[in-house]
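Student: Next comes upload16.cif, mmCIF, C-alpha atoms:
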```cif
data_upload
loop_
_atom_site.label_atom_id
_atom_site.label_comp_id
_atom_site.auth_asym_id
_atom_site.auth_seq_id
_atom_site.Cartn_x
_atom_site.Cartn_y
_atom_site.Cartn_z
CA MET A 1344 79.35 136.24 114.76
CA ALA A 1345 78.88 136.23 118.49
CA THR A 1346 79.66 133.10 120.43
CA SER A 1347 77.23 131.81 123.01
CA GLY A 1348 78.30 131.28 126.57
CA SER A 1349 77.96 127.51 126.30
CA ASP A 1350 80.18 127.40 123.22
CA ALA A 1351 82.77 129.59 124.88
CA ASP A 1352 82.97 127.19 127.82
CA ASP A 1353 83.02 124.05 125.65
CA PRO A 1354 86.26 122.17 126.42
CA LEU A 1355 86.18 120.64 122.93
CA SER A 1356 86.17 123.96 121.10
CA GLY A 1357 89.93 123.85 120.57
CA PRO A 1358 92.66 126.18 121.80
CA PRO A 1359 91.28 129.22 123.61
CA ALA A 1360 91.42 132.76 122.33
CA PRO A 1361 94.39 134.87 123.43
CA GLY A 1362 94.03 136.11 126.99
CA ARG A 1363 96.12 137.21 129.94
CA GLY A 1364 98.11 133.98 129.92
CA TRP A 1365 99.30 134.60 126.37
CA VAL A 1366 100.42 138.11 127.30
CA LEU A 1367 102.06 137.24 130.60
CA LEU A 1368 104.07 134.31 129.24
CA PRO A 1369 106.40 136.31 126.93
CA LEU A 1370 106.53 139.17 129.43
CA ILE A 1371 107.63 136.95 132.32
CA TRP A 1372 110.00 135.08 130.00
CA CYS A 1373 111.79 138.31 129.01
CA VAL A 1374 111.95 139.56 132.59
CA TRP A 1375 113.31 136.18 133.70
CA LEU A 1376 116.10 136.26 131.08
CA LEU A 1377 116.88 139.90 131.88
CA LEU A 1378 117.29 139.08 135.57
CA SER A 1379 119.80 136.37 134.65
CA LEU A 1380 122.06 139.10 133.20
CA VAL A 1381 121.77 141.45 136.19
CA PRO A 1382 124.65 139.93 138.24
CA THR A 1383 127.12 140.21 135.36
CA LEU A 1384 126.01 143.55 133.93
CA LEU A 1385 125.10 145.51 137.06
CA MET A 1386 126.61 143.87 140.14
CA ALA A 1387 130.07 142.74 139.00
CA PRO A 1388 131.32 146.19 137.86
CA ARG A 1389 130.54 147.62 141.31
CA LEU A 1390 132.47 144.95 143.24
CA LEU A 1391 136.20 145.13 143.94
CA SER A 1392 136.61 141.37 143.77
CA PRO A 1393 133.59 139.76 142.06
CA GLY A 1394 133.07 136.05 142.53
CA PRO A 1395 133.71 133.57 139.74
CA TRP A 1396 129.99 133.45 138.97
CA LEU A 1397 129.93 137.23 138.36
CA VAL A 1398 132.69 137.58 135.77
CA ARG A 1399 131.79 138.47 132.19
CA GLU A 1400 132.50 134.97 130.89
CA THR A 1401 129.61 133.59 132.97
CA ALA A 1402 126.96 135.69 131.19
CA PRO A 1403 126.19 132.99 128.56
CA SER A 1404 125.98 130.33 131.27
CA ALA A 1405 123.55 132.45 133.30
CA VAL A 1406 121.22 133.05 130.35
CA LEU A 1407 121.31 129.38 129.33
CA ALA A 1408 120.62 128.19 132.88
CA ALA A 1409 117.70 130.58 133.29
CA GLY A 1410 116.26 129.70 129.89
CA GLY A 1411 116.69 125.97 130.38
CA PHE A 1412 114.96 125.98 133.75
CA PHE A 1413 112.03 128.00 132.43
CA LEU A 1414 111.56 125.83 129.33
CA ALA A 1415 111.80 122.56 131.25
CA ALA A 1416 109.99 123.31 134.52
CA VAL A 1417 107.74 126.34 134.01
CA TRP A 1418 106.62 126.63 130.39
CA PRO A 1419 105.21 123.06 130.01
CA PHE A 1420 102.70 123.72 132.78
CA TRP A 1421 101.78 127.26 131.77
CA PRO A 1422 98.02 127.77 131.37
CA LYS A 1423 96.88 128.59 127.86
CA LYS A 1424 94.82 131.63 128.70
CA GLY A 1425 93.98 133.81 131.69
CA THR A 1426 90.20 134.13 131.48
CA GLY A 1427 89.80 133.00 135.09
CA LYS A 1428 86.93 130.64 134.15
CA LYS A 1429 86.95 127.24 135.72
CA GLY A 1430 87.91 124.50 133.32
CA THR A 1431 89.11 126.83 130.54
CA GLY A 1432 92.41 128.28 131.72
CA SER A 1433 94.58 125.16 131.78
CA PHE A 1434 94.90 121.62 130.56
CA SER A 1435 91.88 119.39 130.90
CA GLY A 1436 94.07 117.29 133.18
CA LEU A 1437 94.29 120.25 135.56
CA SER A 1438 90.68 121.40 135.27
CA GLU A 1439 87.13 120.15 135.66
CA LYS A 1440 86.41 116.85 133.88
CA VAL A 1441 83.55 116.24 131.49
CA PRO A 1442 82.73 112.93 129.71
CA VAL A 1443 84.04 113.20 126.13
CA PRO A 1444 84.99 110.58 123.51
CA PHE A 1445 88.65 109.74 123.15
CA LEU A 1446 88.96 111.06 119.58
CA GLN A 1447 87.55 114.40 120.65
CA SER A 1448 89.92 114.49 123.62
CA ALA A 1449 92.85 113.61 121.33
CA ARG A 1450 91.82 116.41 118.98
CA ARG A 1451 91.81 118.78 121.94
CA VAL A 1452 95.30 117.59 122.90
CA GLY A 1453 96.44 118.26 119.35
CA GLY A 1454 95.09 121.79 119.61
CA TRP A 1455 96.95 122.36 122.86
CA LEU A 1456 100.17 120.96 121.40
CA GLY A 1457 99.86 123.19 118.33
CA ALA A 1458 99.44 126.22 120.55
CA GLY A 1459 102.34 125.02 122.69
CA ALA A 1460 104.61 124.62 119.66
CA LEU A 1461 103.77 128.18 118.60
CA GLU A 1462 104.52 129.42 122.12
CA PHE A 1463 107.87 127.65 122.02
CA VAL A 1464 108.85 129.30 118.73
CA VAL A 1465 107.89 132.72 120.09
CA LEU A 1466 109.87 132.19 123.30
CA VAL A 1467 112.97 131.08 121.42
CA ALA A 1468 112.72 134.11 119.12
CA LEU A 1469 112.40 136.45 122.12
CA ALA A 1470 115.46 134.83 123.73
CA VAL A 1471 117.74 135.61 120.78
CA PRO A 1472 118.49 139.24 121.83
CA PHE A 1473 119.38 138.12 125.35
CA ALA A 1474 121.65 135.39 123.95
CA LEU A 1475 123.36 137.96 121.72
CA VAL A 1476 123.98 140.23 124.70
CA ALA A 1477 125.40 137.33 126.69
CA TRP A 1478 127.53 136.28 123.71
CA SER A 1479 128.91 139.81 123.38
CA VAL A 1480 129.54 140.32 127.10
CA GLY A 1481 131.09 136.86 127.39
CA ASP A 1482 133.57 137.52 124.55
CA GLY A 1483 131.83 135.24 122.10
CA ARG A 1484 131.88 132.14 124.30
CA LEU A 1485 128.69 130.44 123.18
CA ALA A 1486 128.40 127.37 120.94
CA VAL A 1487 125.39 128.27 118.81
CA TRP A 1488 124.48 125.04 117.02
CA PRO A 1489 124.81 122.77 120.07
CA VAL A 1490 122.55 125.21 121.93
CA VAL A 1491 120.01 125.08 119.09
CA ALA A 1492 120.02 121.26 119.22
CA MET A 1493 119.61 121.16 123.00
CA VAL A 1494 116.87 123.80 123.02
CA GLY A 1495 114.99 121.80 120.39
CA GLY A 1496 115.26 118.75 122.63
CA LEU A 1497 113.87 120.74 125.54
CA GLY A 1498 110.96 121.75 123.31
CA VAL A 1499 110.16 118.08 122.66
CA PHE A 1500 110.46 117.39 126.38
CA GLY A 1501 108.13 120.26 127.25
CA LEU A 1502 105.48 119.22 124.74
CA GLY A 1503 105.68 115.69 126.10
CA LEU A 1504 105.07 117.05 129.58
CA ARG A 1505 102.03 118.95 128.31
CA THR A 1506 100.59 115.81 126.77
CA ALA A 1507 101.20 113.84 129.95
CA ALA A 1508 99.56 116.57 132.04
CA GLU A 1509 96.58 116.55 129.67
CA GLY A 1510 95.99 112.85 130.21
CA MET A 1511 96.60 112.70 133.95
CA VAL A 1512 94.25 113.39 136.82
CA PRO A 1513 94.88 116.74 138.57
CA GLY A 1514 96.86 115.31 141.48
CA ALA A 1515 99.18 113.31 139.21
CA ALA A 1516 99.84 116.35 137.02
CA ARG A 1517 100.90 118.38 140.05
CA TRP A 1518 103.25 115.61 141.15
CA LEU A 1519 104.69 115.57 137.64
CA MET A 1520 105.42 119.28 137.94
CA PHE A 1521 107.12 118.71 141.29
CA ALA A 1522 109.23 115.87 139.83
CA VAL A 1523 110.43 118.07 136.97
CA LEU A 1524 111.46 120.78 139.43
CA LEU A 1525 113.48 118.21 141.37
CA VAL A 1526 115.13 116.88 138.23
CA CYS A 1527 116.12 120.37 137.10
CA ALA A 1528 117.43 121.75 140.39
CA GLY A 1529 118.01 118.69 142.58
CA PRO A 1530 121.27 117.41 141.00
CA LEU A 1531 122.89 120.85 141.18
CA ILE A 1532 121.89 121.27 144.84
CA LEU A 1533 123.12 117.77 145.78
CA GLU A 1534 126.42 118.18 143.95
CA TYR A 1535 127.05 121.55 145.58
CA ALA A 1536 126.14 120.20 149.03
CA ALA A 1537 128.43 117.20 148.59
CA ALA A 1538 131.33 119.36 147.45
CA GLU A 1539 130.89 121.81 150.34
CA THR A 1540 130.39 119.25 153.11
CA THR A 1541 132.57 116.30 152.09
CA GLY A 1542 134.76 117.72 149.36
CA VAL A 1543 133.56 115.03 146.96
CA SER A 1544 132.60 116.15 143.45
CA LEU A 1545 129.81 114.31 141.63
CA PRO A 1546 129.98 115.56 138.03
CA TRP A 1547 128.03 112.58 136.69
CA LEU A 1548 125.07 113.60 138.84
CA LEU A 1549 124.86 116.97 137.10
CA GLU A 1550 124.28 115.30 133.75
CA VAL A 1551 120.81 114.25 134.93
CA SER A 1552 119.68 117.88 134.93
CA PRO A 1553 118.52 119.26 131.56
CA VAL A 1554 119.51 122.73 132.78
CA PHE A 1555 123.11 121.67 133.27
CA GLY A 1556 122.99 119.88 129.92
CA LEU A 1557 122.02 123.08 128.11
CA VAL A 1558 124.78 125.03 129.85
CA GLY A 1559 127.27 122.26 129.10
CA VAL A 1560 126.67 122.14 125.35
CA GLY A 1561 126.58 125.93 125.19
CA MET A 1562 129.97 126.28 126.84
CA ASP A 1563 131.76 123.13 125.60
CA GLY A 1564 130.28 122.70 122.12
CA TRP A 1565 130.26 119.43 120.23
CA PRO A 1566 132.25 116.67 121.95
CA ALA A 1567 135.26 115.05 120.34
CA GLU A 1568 133.61 111.63 120.64
CA SER A 1569 130.35 110.08 121.75
CA SER A 1570 130.09 109.68 125.50
CA TRP A 1571 127.50 109.38 128.26
CA PRO A 1572 127.30 113.12 128.97
CA TRP A 1573 126.68 113.84 125.30
CA VAL A 1574 123.99 111.17 125.05
CA ALA A 1575 122.35 112.50 128.20
CA ARG A 1576 122.44 116.10 127.01
CA LEU A 1577 121.07 115.59 123.52
CA TRP A 1578 118.95 112.45 123.56
CA LEU A 1579 117.82 111.66 127.11
CA TRP A 1580 115.23 114.40 127.63
CA PRO A 1581 113.68 114.39 124.14
CA GLY A 1582 113.27 110.64 124.61
CA VAL A 1583 111.67 111.17 128.01
CA GLY A 1584 109.32 113.71 126.44
CA LEU A 1585 108.19 111.24 123.79
CA VAL A 1586 107.61 108.55 126.42
CA LEU A 1587 105.59 110.97 128.53
CA ALA A 1588 103.50 111.93 125.50
CA VAL A 1589 102.66 108.28 124.83
CA VAL A 1590 101.85 107.68 128.50
CA GLY A 1591 99.61 110.73 128.59
CA LEU A 1592 97.67 109.66 125.50
CA LEU A 1593 97.26 106.10 126.79
CA GLU A 1594 96.05 107.37 130.16
CA LEU A 1595 93.66 109.77 128.44
CA ARG A 1596 92.26 106.90 126.36
CA ARG A 1597 91.83 104.70 129.42
CA ARG A 1598 90.02 107.42 131.35
CA THR A 1599 87.74 108.36 128.47
CA ARG A 1600 86.76 104.73 128.02
CA GLY A 1601 85.96 104.57 131.71
CA GLY A 1602 83.98 107.83 131.55
CA ARG A 1603 86.24 109.57 134.06
CA VAL A 1604 87.44 112.50 131.93
#
```
Can the structure from this file be put into structure tokens for me?
Tutor:
Amino acid sequence: MATSGSDADDPLSGPPAPGRGWVLLPLIWCVWLLLSLVPTLLMAPRLLSPGPWLVRETAPSAVLAAGGFFLAAVWPFWPKKGTGKKGTGSFSGLSEKVPVPFLQSARRVGGWLGAGALEFVVLVALAVPFALVAWSVGDGRLAVWPVVAMVGGLGVFGLGLRTAAEGMVPGAARWLMFAVLLVCAGPLILEYAAAETTGVSLPWLLEVSPVFGLVGVGMDGWPAESSWPWVARLWLWPGVGLVLAVVGLLELRRRTRGGRV
């Protein structure tokens, strides 16, 4: 049965039909992971003295870093379809607002989260071949189950970001995206700058980054005992994701009651 134009543009009609966004997401994800293997597979063999970041043992770290950054800073803000129509290609928090009841808005959020969870499963499945290549090239240096646990935590964090973006006004959602980028890359940049300029190492600062956390558990495995780095790697960002989800729903409820959605 054909769908009318008004129904197709209805923001309460649930998750959109597959479009360009659904196709581009796995494509860009695979290209992104493939590029992370280029230095080790293509550049290092052609160099007489490759740097420490180009040796074979760094292949798992490169794939984990690329995957962690994408899952934490790019995927949560990915539009759900690429129709190009205003108000239908992204979260309601990033598109045109229409007055809707809170329960209907919450149902819409649930639809987006269901689609996001499916996206996450697909992305993880597509990453398995790249992880196997990195594991083989890196002589089997990859702790599988710690990586699975950390990736699951990043999934909770990403879905929390999506819920927060759904409930926020457009400007706040963009600032949230910028903050996540800083959290992912900022600690690594600051630690490197401090080490190069003053010779002071700040390893505790790296633990703030979920990207470094994923690389850490993948290379080091389960710790011998509970410690701050382990708590930060496994529990900090899933907890932040849950808090963001609650904040997003509360903000969505407040705005719907005020008629500003």
Student: Excluding A:Trp1573 and residues on its chain fewer than 3 positions from it, collect all residues at most 12 Å away from it, counting all atoms listed in the file, and give them as a PyMOL selection string.
Tutor: chain A and resi 1489+1492-1493+1547+1550-1551+1553+1555-1557+1559-1560+1563-1570+1576-1580
Student: Please write the residues from the selection above to a file, keeping C-alpha atoms, as a short mmCIF file (atom, residue, chain, number, x, y, z; two decimals), keeping the file's coordinate frame.
Tutor:
```cif
data_model
loop_
_atom_site.label_atom_id
_atom_site.label_comp_id
_atom_site.auth_asym_id
_atom_site.auth_seq_id
_atom_site.Cartn_x
_atom_site.Cartn_y
_atom_site.Cartn_z
CA PRO A 1489 124.81 122.77 120.07
CA ALA A 1492 120.02 121.26 119.22
CA MET A 1493 119.61 121.16 123.00
CA TRP A 1547 128.03 112.58 136.69
CA GLU A 1550 124.28 115.30 133.75
CA VAL A 1551 120.81 114.25 134.93
CA PRO A 1553 118.52 119.26 131.56
CA PHE A 1555 123.11 121.67 133.27
CA GLY A 1556 122.99 119.88 129.92
CA LEU A 1557 122.02 123.08 128.11
CA GLY A 1559 127.27 122.26 129.10
CA VAL A 1560 126.67 122.14 125.35
CA ASP A 1563 131.76 123.13 125.60
CA GLY A 1564 130.28 122.70 122.12
CA TRP A 1565 130.26 119.43 120.23
CA PRO A 1566 132.25 116.67 121.95
CA ALA A 1567 135.26 115.05 120.34
CA GLU A 1568 133.61 111.63 120.64
CA SER A 1569 130.35 110.08 121.75
CA SER A 1570 130.09 109.68 125.50
CA ARG A 1576 122.44 116.10 127.01
CA LEU A 1577 121.07 115.59 123.52
CA TRP A 1578 118.95 112.45 123.56
CA LEU A 1579 117.82 111.66 127.11
CA TRP A 1580 115.23 114.40 127.63
#
```
Student: Apply the PyMOL selection byres ((chain A and resi 1382-1390) around 9) to the structure shown and report the selected residues as a list in words.
Tutor: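 Against this file, the PyMOL selection byres ((chain A and resi 1382-1390) around 9) returns the residues Leu1378, Ser1379, Leu1380, Val1381, Leu1391, Ser1392, Pro1393, Gly1394, Trp1396, Leu1397, Val1398, Arg1399, Glu1400, Thr1401, Ala1402, Ala1405 and Val1480 of chain A.
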Student: Can you work out the spacing between atom CA of A:Gly1457 and atom CA of A:Arg1598 in Å, to one decimal?
Tutor: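 Distance reported for this atom pair: 22.7 Å.
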Student: Which residues are near A:Met1520? Cut-off 9 Å, all atoms listed in the file, ignore same chain within fewer than 6 positions. Put them as an MDAnalysis selection string.
Tutor: chainID A and resid 1416:1417 1419:1420 1504 1508
Student: Using all atoms listed in the file, which protein or nucleic acid residues come within 8 Å of A:Ala1415? Drop anything in the same chain fewer than 3 positions from it, and give the result as a list in words.
Tutor: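 The filter keeps Gly1411, Phe1412, Trp1418, Pro1419, Leu1497, Phe1500, Gly1501, Val1523, Cys1527, Pro1553 and Val1554 of chain A.
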Student: For a test of reading the model, state the distance in Å between atom CA of A:Leu1545 and atom CA of A:Gly1496, rounded to one decimal.
Tutor: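 Value for the atom CA of A:Leu1545-atom CA of A:Gly1496 distance: 24.3 Å.
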Student: Is there a way to complete stretch 1373-1384 of chain A with all heavy atoms and then write that out as a PDB file, in the coordinates of the input?
Tutor:
```pdb
ATOM      1  N   CYS A1373     110.785 137.271 129.252  1.00  0.00           N
ATOM      2  CA  CYS A1373     111.790 138.310 129.010  1.00  0.00           C
ATOM      3  C   CYS A1373     112.345 138.862 130.315  1.00  0.00           C
ATOM      4  O   CYS A1373     113.565 139.079 130.437  1.00  0.00           O
ATOM      5  CB  CYS A1373     111.182 139.434 128.166  1.00  0.00           C
ATOM      6  SG  CYS A1373     110.809 138.972 126.452  1.00  0.00           S
ATOM      7  N   VAL A1374     111.478 139.078 131.293  1.00  0.00           N
ATOM      8  CA  VAL A1374     111.950 139.560 132.590  1.00  0.00           C
ATOM      9  C   VAL A1374     112.872 138.527 133.240  1.00  0.00           C
ATOM     10  O   VAL A1374     113.907 138.873 133.829  1.00  0.00           O
ATOM     11  CB  VAL A1374     110.755 139.886 133.504  1.00  0.00           C
ATOM     12  CG1 VAL A1374     111.220 140.195 134.918  1.00  0.00           C
ATOM     13  CG2 VAL A1374     109.960 141.062 132.943  1.00  0.00           C
ATOM     14  N   TRP A1375     112.513 137.266 133.127  1.00  0.00           N
ATOM     15  CA  TRP A1375     113.310 136.180 133.700  1.00  0.00           C
ATOM     16  C   TRP A1375     114.712 136.156 133.082  1.00  0.00           C
ATOM     17  O   TRP A1375     115.722 136.040 133.793  1.00  0.00           O
ATOM     18  CB  TRP A1375     112.589 134.864 133.468  1.00  0.00           C
ATOM     19  CG  TRP A1375     113.281 133.638 133.963  1.00  0.00           C
ATOM     20  CD1 TRP A1375     113.994 132.749 133.220  1.00  0.00           C
ATOM     21  CD2 TRP A1375     113.330 133.149 135.311  1.00  0.00           C
ATOM     22  NE1 TRP A1375     114.485 131.737 133.993  1.00  0.00           N
ATOM     23  CE2 TRP A1375     114.090 131.964 135.288  1.00  0.00           C
ATOM     24  CE3 TRP A1375     112.798 133.599 136.507  1.00  0.00           C
ATOM     25  CZ2 TRP A1375     114.337 131.224 136.435  1.00  0.00           C
ATOM     26  CZ3 TRP A1375     113.058 132.861 137.659  1.00  0.00           C
ATOM     27  CH2 TRP A1375     113.808 131.696 137.618  1.00  0.00           C
ATOM     28  N   LEU A1376     114.801 136.264 131.752  1.00  0.00           N
ATOM     29  CA  LEU A1376     116.100 136.260 131.080  1.00  0.00           C
ATOM     30  C   LEU A1376     116.888 137.527 131.412  1.00  0.00           C
ATOM     31  O   LEU A1376     118.119 137.481 131.567  1.00  0.00           O
ATOM     32  CB  LEU A1376     115.916 136.147 129.570  1.00  0.00           C
ATOM     33  CG  LEU A1376     115.346 134.818 129.064  1.00  0.00           C
ATOM     34  CD1 LEU A1376     115.190 134.856 127.560  1.00  0.00           C
ATOM     35  CD2 LEU A1376     116.224 133.644 129.480  1.00  0.00           C
ATOM     36  N   LEU A1377     116.196 138.655 131.532  1.00  0.00           N
ATOM     37  CA  LEU A1377     116.880 139.900 131.880  1.00  0.00           C
ATOM     38  C   LEU A1377     117.491 139.816 133.272  1.00  0.00           C
ATOM     39  O   LEU A1377     118.628 140.266 133.498  1.00  0.00           O
ATOM     40  CB  LEU A1377     115.899 141.066 131.796  1.00  0.00           C
ATOM     41  CG  LEU A1377     116.467 142.451 132.101  1.00  0.00           C
ATOM     42  CD1 LEU A1377     117.550 142.818 131.105  1.00  0.00           C
ATOM     43  CD2 LEU A1377     115.354 143.495 132.077  1.00  0.00           C
ATOM     44  N   LEU A1378     116.768 139.224 134.212  1.00  0.00           N
ATOM     45  CA  LEU A1378     117.290 139.080 135.570  1.00  0.00           C
ATOM     46  C   LEU A1378     118.535 138.193 135.604  1.00  0.00           C
ATOM     47  O   LEU A1378     119.398 138.374 136.467  1.00  0.00           O
ATOM     48  CB  LEU A1378     116.215 138.505 136.491  1.00  0.00           C
ATOM     49  CG  LEU A1378     115.049 139.433 136.837  1.00  0.00           C
ATOM     50  CD1 LEU A1378     114.013 138.705 137.688  1.00  0.00           C
ATOM     51  CD2 LEU A1378     115.541 140.684 137.549  1.00  0.00           C
ATOM     52  N   SER A1379     118.620 137.237 134.675  1.00  0.00           N
ATOM     53  CA  SER A1379     119.800 136.370 134.650  1.00  0.00           C
ATOM     54  C   SER A1379     121.062 137.142 134.265  1.00  0.00           C
ATOM     55  O   SER A1379     122.175 136.709 134.576  1.00  0.00           O
ATOM     56  CB  SER A1379     119.586 135.216 133.674  1.00  0.00           C
ATOM     57  OG  SER A1379     119.566 135.676 132.323  1.00  0.00           O
ATOM     58  N   LEU A1380     120.912 138.294 133.589  1.00  0.00           N
ATOM     59  CA  LEU A1380     122.060 139.100 133.200  1.00  0.00           C
ATOM     60  C   LEU A1380     122.411 140.169 134.229  1.00  0.00           C
ATOM     61  O   LEU A1380     123.463 140.810 134.122  1.00  0.00           O
ATOM     62  CB  LEU A1380     121.784 139.781 131.856  1.00  0.00           C
ATOM     63  CG  LEU A1380     121.791 138.864 130.626  1.00  0.00           C
ATOM     64  CD1 LEU A1380     121.295 139.620 129.411  1.00  0.00           C
ATOM     65  CD2 LEU A1380     123.186 138.302 130.384  1.00  0.00           C
ATOM     66  N   VAL A1381     121.534 140.393 135.199  1.00  0.00           N
ATOM     67  CA  VAL A1381     121.770 141.450 136.190  1.00  0.00           C
ATOM     68  C   VAL A1381     123.070 141.251 136.960  1.00  0.00           C
ATOM     69  O   VAL A1381     123.842 142.218 137.123  1.00  0.00           O
ATOM     70  CB  VAL A1381     120.559 141.556 137.141  1.00  0.00           C
ATOM     71  CG1 VAL A1381     120.902 142.392 138.361  1.00  0.00           C
ATOM     72  CG2 VAL A1381     119.371 142.158 136.403  1.00  0.00           C
ATOM     73  N   PRO A1382     123.389 140.052 137.474  1.00  0.00           N
ATOM     74  CA  PRO A1382     124.650 139.930 138.240  1.00  0.00           C
ATOM     75  C   PRO A1382     125.875 140.330 137.432  1.00  0.00           C
ATOM     76  O   PRO A1382     126.764 141.023 137.951  1.00  0.00           O
ATOM     77  CB  PRO A1382     124.679 138.433 138.604  1.00  0.00           C
ATOM     78  CG  PRO A1382     123.252 138.020 138.611  1.00  0.00           C
ATOM     79  CD  PRO A1382     122.614 138.798 137.496  1.00  0.00           C
ATOM     80  N   THR A1383     125.939 139.909 136.171  1.00  0.00           N
ATOM     81  CA  THR A1383     127.120 140.210 135.360  1.00  0.00           C
ATOM     82  C   THR A1383     127.163 141.662 134.917  1.00  0.00           C
ATOM     83  O   THR A1383     128.219 142.310 134.947  1.00  0.00           O
ATOM     84  CB  THR A1383     127.155 139.294 134.127  1.00  0.00           C
ATOM     85  OG1 THR A1383     127.231 137.935 134.568  1.00  0.00           O
ATOM     86  CG2 THR A1383     128.355 139.601 133.266  1.00  0.00           C
ATOM     87  N   LEU A1384     126.027 142.207 134.510  1.00  0.00           N
ATOM     88  CA  LEU A1384     126.010 143.550 133.930  1.00  0.00           C
ATOM     89  C   LEU A1384     125.971 144.660 134.975  1.00  0.00           C
ATOM     90  O   LEU A1384     126.542 145.728 134.760  1.00  0.00           O
ATOM     91  CB  LEU A1384     124.814 143.693 132.990  1.00  0.00           C
ATOM     92  CG  LEU A1384     124.795 142.763 131.770  1.00  0.00           C
ATOM     93  CD1 LEU A1384     123.572 143.045 130.919  1.00  0.00           C
ATOM     94  CD2 LEU A1384     126.065 142.915 130.957  1.00  0.00           C
TER      95      LEU A1384
END
```
